[in-house]
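Have a look at the structure below before the remarks.
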Amino acid sequence: MSMAAAQPPVTDVLLWVVYPYLCALVLVGGLIWRYRYDKFGWTTRSSQLYEATILRWGSPLFHFGILMVLIGHIGGLLIPKAWTQAVGISDHVYHLMAVFIGTVAGACTLIGLAILIARRRLTGPVFAATTRNDKAMYVVLAGVIVLGLWATVKANAVGGGYDYRETISPWVRSLFLLRPDPTVMAAVPTSFQVHILAAFTLFALWPFTRLVHAFSAPVGYLTRPYVVYRSRDPRGGLRPPRRGWEPARVTRKAGR
Amino acid sequence: MRIWGGPGARRGRRGREPRVMAQMAMVMNLDKCIGCHTCSVTCKQAWTNRSGVEYAWFNNVETRPGQGYPRTYEDQQRWQGGWVRTRDGRLKPRSGGRIKKLLTIFANPKLPSIRDYYEPWTYDYEHLVAAPASSDTPVARPVSLLTGKDTTISWSANWDDSLAGGNEIAAGDPVLASLRDRPDNSVLQQVSDRVRQEFERTFLFFLPRICEHCLNPTCAAACPSGAIYKRAEDGIVLIDQDRCRGWRMCISGCPYKKVYFNHRTGKAEKCTFCFPRIELGQPTICAETCVGRLRYIGLMLYDADAVAQAAAVEKETDLYEAQKGVFLDPHDPEVVAAAQRAGIPDDWIEAAQRSPVWDLIMRYQVALPLHPEYRTLPMVWYIPPLSPVVDVLRDTGHDGEDVGNLFGAVEALRIPVQYLAGLFSAGDPKPVTAVLRRLAAMRAYQRRINLGEPADESIAATVGMTGAQMEEMYRLLAIAKYEQRYVIPKAHAEDAHRLEALGTECSLAKLAGPGARGPYGPGPFGESSGTPVPVGVETFQMLRVRQSADTVAAPRDKQTRVNLLNWDGKGRPEGLFPPQRKDGERQTSDRTHNEPENSGPHNNEPTSSEQETSEPRDGQP
């Protein structure tokens with residue numbers, strides 16, 4: 001679509017270009033800043049020590065569910081329709097697959113989240129260890145998940161299904177390609193629009209909550225030797241030596 | 001900072017030069033432990049006197065027989081700590097390999113809950129002074145430090161101290177259970193039952209425990225983040241607090257359950273072997289303050305390439321000998337040369353030659369590893385106690401210092417020997433018997449000298465030693481001085497300017513000024529965020545809070561109150577009495593984190609909120 005054809009309304013540009021990029025910027029910048037400033041706070045802050053019985057059900061349900069949801073989103077949003085068609089998956093089959101796997105994943109996520117939130121509220125020590133930051137994060141996280149499920153259910157169960165791969169997916173890809181195209185988003189059902197905006201809000205909050213632990217998923221463990229050796233930390237205290245305090249070093253000149 | 005793979009990375013070369021590494025190690029002489037818990041208390045004060053690790057005891061003292069701390073930690077069928085040997089002769093963490101670890105990362109199935117430790121508590125002291133007048137004396141009720149609500153104390157780190165709780169609790173000892181389950185010896189099956197039946201006549205001894213700083217640590221192997229590492233210079237196992245992500249796998253991995261989860265910061269913590277002290281040539285705080293002087297600290301040189309093979313020997317009862325095979329004799333010129341080539345400084349090699357740990361483990365062979373069957377090659381060893389045997393002899397009217405009686409008793413008293421074997425030699429009584437015989441011989445040999453009789457070389461000869469060796473061993477075990485018990489070479493910090501950096505960077509601003517943070521002043525993301533605060537600063541902050549607090553949770557106006565302990569009795573500083581409040585006025589005190597250094601000895605600051613807002617405090621005493 002050429003830009004000369006019609007200028008998109010300002011609201012559309014704000015919602016579907018400025019806001020997503022702003023959130024992405026906050027996400028990336030926030031992660032870098034937090035990693036540099038607050039490595040010590042970069043943790044799961046697990047509450048398993050307080051309570052394990054309910055967690056044992058809720059946490060894997062939620063986490064495996066949300067990982068499946070993540071894969072589904074990556075597949076649905078980043079892979080163009082033409083590609084799946086090219087490998088012989090008809091739209092109908094794709095839709096069935098997406099609805100079936102998506103329902104399972106969404107149900108796991110939602111049930112897991114419900115268990116985890118109930119546990120957090122009802123278990124004394126866990127609730128006592130819940131910060132305001134956590135509570136805000138839970139509201140947004142649960143909001144995004146519920147809104148997403150609601151949009152899907154509304155489109156598929158009540159309506160005749162909505163093919164987001166024609167509108168939302170190209171828009172997401174246009175964001176990644178740095179050629180944002182807000183016009184396709186105008187016609188998207190409100191339920192999906194709200195879900196998307198909430199999701200970007202979550203991305204912007206991400207670096208400032210305990211959710212950062214998702215970015216330290218320990219995949220390196222699979223290839224690492226079991227026992228790690230390290231030489232004594234050459235730094236005194238917590239910071240690297242300041243300028244002018246570097247250790248004395250001999251630089252050998254050639255020809256000696 | 002260099003990071004590299006462990007001993008498993010290079011193995012199986014024959015006819016090679018040993019890869020010499022140095023390990024700081026400890027030996028504890030259990031005959032001397034009186035169970036006073038001084039080590040635990042000073043360790044607690046130094047390291048874990050903080051929010052989130054109230055239940056963590058880097059050093060604890062257990063009564064044996066007993067369940068230990070955390071409860072029944074030695075039951076590896078349940079907790080799955082340590083390594084197992086696979087069919088092809090390799091080692092794998094008992095709780096599962098890498099893939100299983102990652103699949104169970106969302107809820108670690110083998111993590112002890114806080115109930116397996118105990119729910120940390122304090123007391124509602126305020127009630128003692130705030131209770132309304134009544135004919136009953138007010139009591140300070142226990143308050144949970146997890147929930148802030150009233151709680152019932154039902155367990156602690158040494159609840160079964162000195163066999164308290166009787167055989168109901170002692171019967172839960174996993175070591176007794178393992179003896180019972182052993183099918184190969186009918187006598188052993190009855191051992192635990194007899195301990196239970198003969199409870200009044202049973203033995204007890206104390207077992208102080210710190211992190212073992214293993215040569216083959218499972219905690220490090222289980223850490224998905226790679227945050228736990230073994231220091232190449234001295235073998236101390238540490239957790240990088242900046243890399244730990246709170247996956248909790250180390251706690252399951254450690255068979256000794258000596259990694260604790262800080263439930264406030266969400267990071268794992270463990271005994272550090274007091275590395276800041278060790279680097280300065282000082283013993284650990286537990287050793288420094290040990291009343292019985294039962295701890296020995298020194299270096300051991302070992303062949304890092306031999307570790308994996310030694311830990312994977314087929315029979316568990318061979319692990320003791322296998323681990324001894326990993327150690328290198330620091331008196332051997334070839335070892336010295338190899339150590340020099342490996343970059344170990346000369347004063348460290350010299351310290352290894354004087355190491356009391358080497359003498360106790362290798363020369364006199366009286367120290368044994370704790371639970372070698374976990375295959376972690378632990379480096380805190382124990383001299384098993386002869387006292388249970390001596391006590392029985394004495395109580396039955398025999399001479400507890402006669403070598404014949406002692407030898408006979410070591411053979412006859414199967415319960416203590418089997419029990420000690422369950423702790424120190426994977427159930428094999430031979431090493432324990434040998435140690436006890438050596439200790440018994442020393443006892444008899446020295447008694448003659450003590451009574452002015454001529455030394456009897458034949459006593460020494462029965463355990464394969466000479467009289468001179470007996471004498472040396474006696475001196476090391478009984479009367480060794482501080483410098484002989486602790487042979488600790490200083491870390492080579494030829495970049496000593498760092499100490500100056502430490503001095504200049506640790507400013508007042510960090511201690512109490514505007515920059516003061518830590519668990520007592522949250523970072524932007526709640527209490528676990530921000531860069532770590534040095535322990536000294538943290539302790540300072542906490543003592544400060546504690547001394548000015550008089551409730552379970554510090555009162556909001558604590559900054560304006562006078563600590564009577566610091567009051568010199570002169571004058572009437574403001575804050576000596578609670579401020580008079582106008583109706584409806586609420587005290588504000590968000591000054592914890594921006595208070596300038598003007599409090600002086602009296603800490604006499606403005607008390608009411610009007611003063612706070614109207615008068616900027618600018619450094620007057």
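FYI, nothing fancy with the structure tokens labels: chains A, B, ... in order, residues from 1 per chain, ligands from 1 as they appear.
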
Considering only C-alpha atoms, return as a PyMOL selection string whatever protein or nucleic-acid residues lie within 10 Å of Leu61 in chain A, sequence-local ones (same chain, fewer than 4 positions apart) excluded.
-> (chain A and resi 55-57+65-66+105+107-113+115-116) or (chain B and resi 106)

With C-alpha atoms kept, could you save the residues just selected as a PDB file, in the first residue's frame?
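Result saved to part.pdb:
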```pdb
ATOM      1  CA  LEU A  55       2.712 -24.722  43.111  1.00  0.00           C
ATOM      2  CA  ARG A  56       3.531 -28.144  41.790  1.00  0.00           C
ATOM      3  CA  TRP A  57       0.300 -28.105  39.793  1.00  0.00           C
ATOM      4  CA  GLY A  65       0.901 -23.367  28.718  1.00  0.00           C
ATOM      5  CA  ILE A  66       2.378 -19.930  28.194  1.00  0.00           C
ATOM      6  CA  ALA A 105      -2.551 -24.091  25.637  1.00  0.00           C
ATOM      7  CA  ALA A 107      -6.814 -23.460  29.025  1.00  0.00           C
ATOM      8  CA  CYS A 108      -3.564 -24.687  30.655  1.00  0.00           C
ATOM      9  CA  THR A 109      -2.328 -21.128  30.955  1.00  0.00           C
ATOM     10  CA  LEU A 110      -5.558 -19.799  32.365  1.00  0.00           C
ATOM     11  CA  ILE A 111      -6.071 -22.634  34.848  1.00  0.00           C
ATOM     12  CA  GLY A 112      -2.435 -22.430  35.891  1.00  0.00           C
ATOM     13  CA  LEU A 113      -2.640 -18.691  36.344  1.00  0.00           C
ATOM     14  CA  ILE A 115      -4.230 -21.589  40.618  1.00  0.00           C
ATOM     15  CA  LEU A 116      -1.130 -19.453  41.054  1.00  0.00           C
TER      16      LEU A 116
ATOM     17  CA  PHE B 106       8.951 -24.608  37.152  1.00  0.00           C
TER      18      PHE B 106
END
```

Who sits within 6 Å of range 122-130 of chain B, only C-alpha atoms, same chain under 6 positions skipped, as a count of residues only = 6

Where does chain A meet chain B within 8 Å, residue by residue, with the nearest atom pair and distance in Å to one decimal for each, counting only C-alpha atoms, listed by chain and rising number, as a Markdown table?
```
| residue | atom | partner | partner_atom | distance |
| --- | --- | --- | --- | --- |
| A:Tyr37 | CA | B:Gly530 | CA | 6.6 |
| A:Asp38 | CA | B:Gly530 | CA | 4.6 |
| A:Lys39 | CA | B:Asp242 | CA | 5.1 |
| A:Phe40 | CA | B:Asp242 | CA | 4.8 |
| A:Gly41 | CA | B:Ser529 | CA | 3.9 |
| A:Trp42 | CA | B:Arg245 | CA | 6.4 |
| A:Thr43 | CA | B:Arg245 | CA | 4.2 |
| A:Thr44 | CA | B:Gly246 | CA | 5.5 |
| A:Arg45 | CA | B:Gly266 | CA | 4.0 |
| A:Ser46 | CA | B:Gly266 | CA | 6.0 |
| A:Ser47 | CA | B:His263 | CA | 7.0 |
| A:Gln48 | CA | B:Ser113 | CA | 7.3 |
| A:Leu49 | CA | B:Ser113 | CA | 4.8 |
| A:Tyr50 | CA | B:Ile114 | CA | 5.8 |
| A:Glu51 | CA | B:Ser113 | CA | 6.9 |
| A:Ala52 | CA | B:Ser113 | CA | 6.9 |
| A:Leu55 | CA | B:Ala107 | CA | 6.6 |
| A:Arg56 | CA | B:Ala107 | CA | 5.3 |
| A:Ser59 | CA | B:Phe106 | CA | 5.8 |
| A:Pro60 | CA | B:Phe106 | CA | 5.4 |
| A:His63 | CA | B:Phe106 | CA | 7.0 |
| A:Gly124 | CA | B:Thr147 | CA | 5.7 |
| A:Pro125 | CA | B:Thr147 | CA | 4.8 |
| A:Ala128 | CA | B:Thr147 | CA | 5.9 |
| A:Ala129 | CA | B:Arg264 | CA | 7.5 |
| A:Thr131 | CA | B:Gly526 | CA | 6.7 |
| A:Asn133 | CA | B:Phe525 | CA | 6.9 |
| A:Phe208 | CA | B:Phe525 | CA | 6.6 |
| A:Thr209 | CA | B:Phe525 | CA | 6.9 |
| A:His213 | CA | B:Arg245 | CA | 7.1 |
| A:Ser216 | CA | B:Arg245 | CA | 7.6 |
| A:Pro218 | CA | B:Pro224 | CA | 5.5 |
| A:Val219 | CA | B:Pro224 | CA | 7.9 |
| A:Gly220 | CA | B:Ser225 | CA | 7.6 |
| A:Tyr221 | CA | B:Pro224 | CA | 5.1 |
| A:Leu222 | CA | B:Arg98 | CA | 5.9 |
| A:Arg224 | CA | B:Gly5 | CA | 7.6 |
| A:Pro225 | CA | B:Gly5 | CA | 5.2 |
| A:Tyr226 | CA | B:Ala221 | CA | 4.2 |
| A:Val227 | CA | B:Gly6 | CA | 4.7 |
| A:Val228 | CA | B:Tyr229 | CA | 4.9 |
| A:Tyr229 | CA | B:Lys230 | CA | 4.8 |
| A:Arg230 | CA | B:Ile3 | CA | 4.7 |
| A:Ser231 | CA | B:Ala232 | CA | 4.9 |
| A:Arg232 | CA | B:Arg231 | CA | 5.9 |
| A:Asp233 | CA | B:Met1 | CA | 6.1 |
| A:Pro234 | CA | B:Met1 | CA | 6.9 |
| A:Arg235 | CA | B:Arg498 | CA | 7.5 |
| A:Gly236 | CA | B:Arg498 | CA | 5.2 |
| A:Gly237 | CA | B:Leu502 | CA | 5.9 |
| A:Pro241 | CA | B:Arg498 | CA | 7.4 |
| A:Trp245 | CA | B:His497 | CA | 7.1 |
| A:Pro247 | CA | B:Asp495 | CA | 5.6 |
| A:Ala248 | CA | B:Asp495 | CA | 7.6 |
```

Alpha helix (DSSP H) per DSSP on the backbone: members of range 67-244 of chain A, as a ChimeraX atom specification = /A:67-78,81-86,91-122,124-128,132-153,168-176,190-205

Write out as a PyMOL selection string the residues lying within 12 Å of Val69 in chain A, counting only C-alpha atoms and excluding same-chain residues fewer than 2 positions away.
-> chain A and resi 61-67+71-77+98-110+145+148-149

Print the selection's residues with N, CA, C and O atoms to a file, as a short mmCIF file (atom, residue, chain, number, x, y, z; two decimals), in the first residue's frame.
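Output below, filename selection12.cif:
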```cif
data_model
loop_
_atom_site.label_atom_id
_atom_site.label_comp_id
_atom_site.auth_asym_id
_atom_site.auth_seq_id
_atom_site.Cartn_x
_atom_site.Cartn_y
_atom_site.Cartn_z
N LEU A 61 1.66 -26.00 34.85
CA LEU A 61 0.51 -25.76 33.97
C LEU A 61 0.66 -24.40 33.30
O LEU A 61 0.56 -24.27 32.08
N PHE A 62 0.90 -23.39 34.12
CA PHE A 62 0.99 -22.04 33.58
C PHE A 62 2.18 -21.90 32.64
O PHE A 62 2.06 -21.41 31.52
N HIS A 63 3.35 -22.35 33.11
CA HIS A 63 4.55 -22.07 32.33
C HIS A 63 4.59 -22.85 31.02
O HIS A 63 4.93 -22.29 29.97
N PHE A 64 4.23 -24.14 31.07
CA PHE A 64 4.22 -24.88 29.81
C PHE A 64 3.12 -24.34 28.89
O PHE A 64 3.30 -24.25 27.67
N GLY A 65 1.98 -23.95 29.51
CA GLY A 65 0.90 -23.37 28.72
C GLY A 65 1.36 -22.09 28.02
O GLY A 65 1.18 -21.92 26.81
N ILE A 66 2.01 -21.22 28.77
CA ILE A 66 2.38 -19.93 28.19
C ILE A 66 3.48 -20.11 27.16
O ILE A 66 3.56 -19.36 26.19
N LEU A 67 4.32 -21.15 27.33
CA LEU A 67 5.34 -21.41 26.31
C LEU A 67 4.68 -21.85 25.00
O LEU A 67 5.09 -21.44 23.91
N ILE A 71 4.78 -19.99 21.37
CA ILE A 71 5.12 -20.61 20.08
C ILE A 71 3.99 -20.36 19.09
O ILE A 71 4.23 -20.03 17.91
N GLY A 72 2.74 -20.50 19.57
CA GLY A 72 1.60 -20.25 18.70
C GLY A 72 1.59 -18.84 18.15
O GLY A 72 1.35 -18.62 16.96
N HIS A 73 1.90 -17.88 19.03
CA HIS A 73 1.92 -16.49 18.58
C HIS A 73 3.02 -16.26 17.56
O HIS A 73 2.82 -15.56 16.57
N ILE A 74 4.18 -16.85 17.82
CA ILE A 74 5.28 -16.67 16.87
C ILE A 74 4.89 -17.26 15.52
O ILE A 74 5.05 -16.63 14.47
N GLY A 75 4.31 -18.47 15.57
CA GLY A 75 3.90 -19.10 14.31
C GLY A 75 2.83 -18.29 13.61
O GLY A 75 2.90 -18.07 12.39
N GLY A 76 1.84 -17.84 14.33
CA GLY A 76 0.71 -17.16 13.71
C GLY A 76 1.04 -15.76 13.23
O GLY A 76 0.51 -15.30 12.22
N LEU A 77 1.92 -15.10 13.93
CA LEU A 77 2.15 -13.70 13.61
C LEU A 77 3.33 -13.50 12.66
O LEU A 77 3.31 -12.60 11.82
N ALA A 98 -4.73 -24.52 14.88
CA ALA A 98 -4.53 -23.37 15.76
C ALA A 98 -5.58 -23.35 16.86
O ALA A 98 -5.27 -23.11 18.04
N VAL A 99 -6.83 -23.62 16.47
CA VAL A 99 -7.91 -23.57 17.47
C VAL A 99 -7.71 -24.68 18.50
O VAL A 99 -7.80 -24.46 19.71
N PHE A 100 -7.36 -25.90 18.02
CA PHE A 100 -7.23 -27.02 18.94
C PHE A 100 -6.05 -26.82 19.90
O PHE A 100 -6.22 -26.82 21.13
N ILE A 101 -4.86 -26.62 19.32
CA ILE A 101 -3.68 -26.46 20.19
C ILE A 101 -3.81 -25.20 21.03
O ILE A 101 -3.50 -25.18 22.22
N GLY A 102 -4.35 -24.16 20.39
CA GLY A 102 -4.52 -22.90 21.11
C GLY A 102 -5.46 -23.04 22.29
O GLY A 102 -5.23 -22.47 23.36
N THR A 103 -6.53 -23.81 22.11
CA THR A 103 -7.47 -23.98 23.22
C THR A 103 -6.80 -24.72 24.38
O THR A 103 -6.93 -24.32 25.55
N VAL A 104 -6.08 -25.79 24.03
CA VAL A 104 -5.40 -26.54 25.09
C VAL A 104 -4.41 -25.64 25.82
O VAL A 104 -4.40 -25.54 27.06
N ALA A 105 -3.58 -24.94 25.03
CA ALA A 105 -2.55 -24.09 25.64
C ALA A 105 -3.19 -22.99 26.46
O ALA A 105 -2.78 -22.70 27.59
N GLY A 106 -4.23 -22.37 25.88
CA GLY A 106 -4.88 -21.27 26.59
C GLY A 106 -5.52 -21.76 27.88
O GLY A 106 -5.42 -21.10 28.93
N ALA A 107 -6.17 -22.93 27.82
CA ALA A 107 -6.81 -23.46 29.02
C ALA A 107 -5.76 -23.75 30.10
O ALA A 107 -5.94 -23.40 31.27
N CYS A 108 -4.65 -24.40 29.69
CA CYS A 108 -3.56 -24.69 30.65
C CYS A 108 -3.09 -23.39 31.30
O CYS A 108 -2.95 -23.29 32.52
N THR A 109 -2.84 -22.39 30.44
CA THR A 109 -2.33 -21.13 30.96
C THR A 109 -3.30 -20.51 31.94
O THR A 109 -2.92 -20.09 33.03
N LEU A 110 -4.57 -20.48 31.53
CA LEU A 110 -5.56 -19.80 32.37
C LEU A 110 -5.75 -20.53 33.69
O LEU A 110 -5.77 -19.91 34.76
N ILE A 145 -3.89 -12.10 29.10
CA ILE A 145 -4.26 -13.49 28.80
C ILE A 145 -5.78 -13.62 28.64
O ILE A 145 -6.27 -14.21 27.68
N GLY A 148 -6.97 -11.95 25.47
CA GLY A 148 -6.63 -12.75 24.29
C GLY A 148 -7.58 -13.91 24.13
O GLY A 148 -8.09 -14.19 23.02
N LEU A 149 -7.86 -14.61 25.23
CA LEU A 149 -8.78 -15.74 25.16
C LEU A 149 -10.19 -15.26 24.78
O LEU A 149 -10.87 -15.88 23.96
#
```

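Across the model, the gap from CA of His213 in chain B to CA of Asp318 in chain B is 20.4 Å.
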
In terms of the shortest atom-to-atom distance over only C-alpha atoms, which of A:Leu205, A:Leu178, A:Ala186, A:Met68 is closest to Gly30 in chain A?
-> A:Leu205

Selection near range 9-22 of chain A, 8 Å with only C-alpha atoms, sequence-local residues under 6 positions removed, as a list in words = Leu175, Pro180, Asp181, Pro182, Thr183, Met185, Ala186, Leu197 and Phe200 of chain A

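Considering only C-alpha atoms, the residue among B:Leu393, B:Cys274, B:Val175, B:Cys36 positioned nearest to Ser162 in chain B is B:Cys36.
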
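Summary of the local environment: counting only C-alpha atoms, residues at most 10 Å from Phe203 in chain A, other than itself and those fewer than 2 positions away along its chain, are Pro20, Cys23, Ala24, Leu25, Val26, Leu27, Val28, Val140, Leu141, Leu197, Ala198, Ala199, Phe200, Thr201, Leu205, Trp206, Pro207, Phe208 and Leu211 of chain A.
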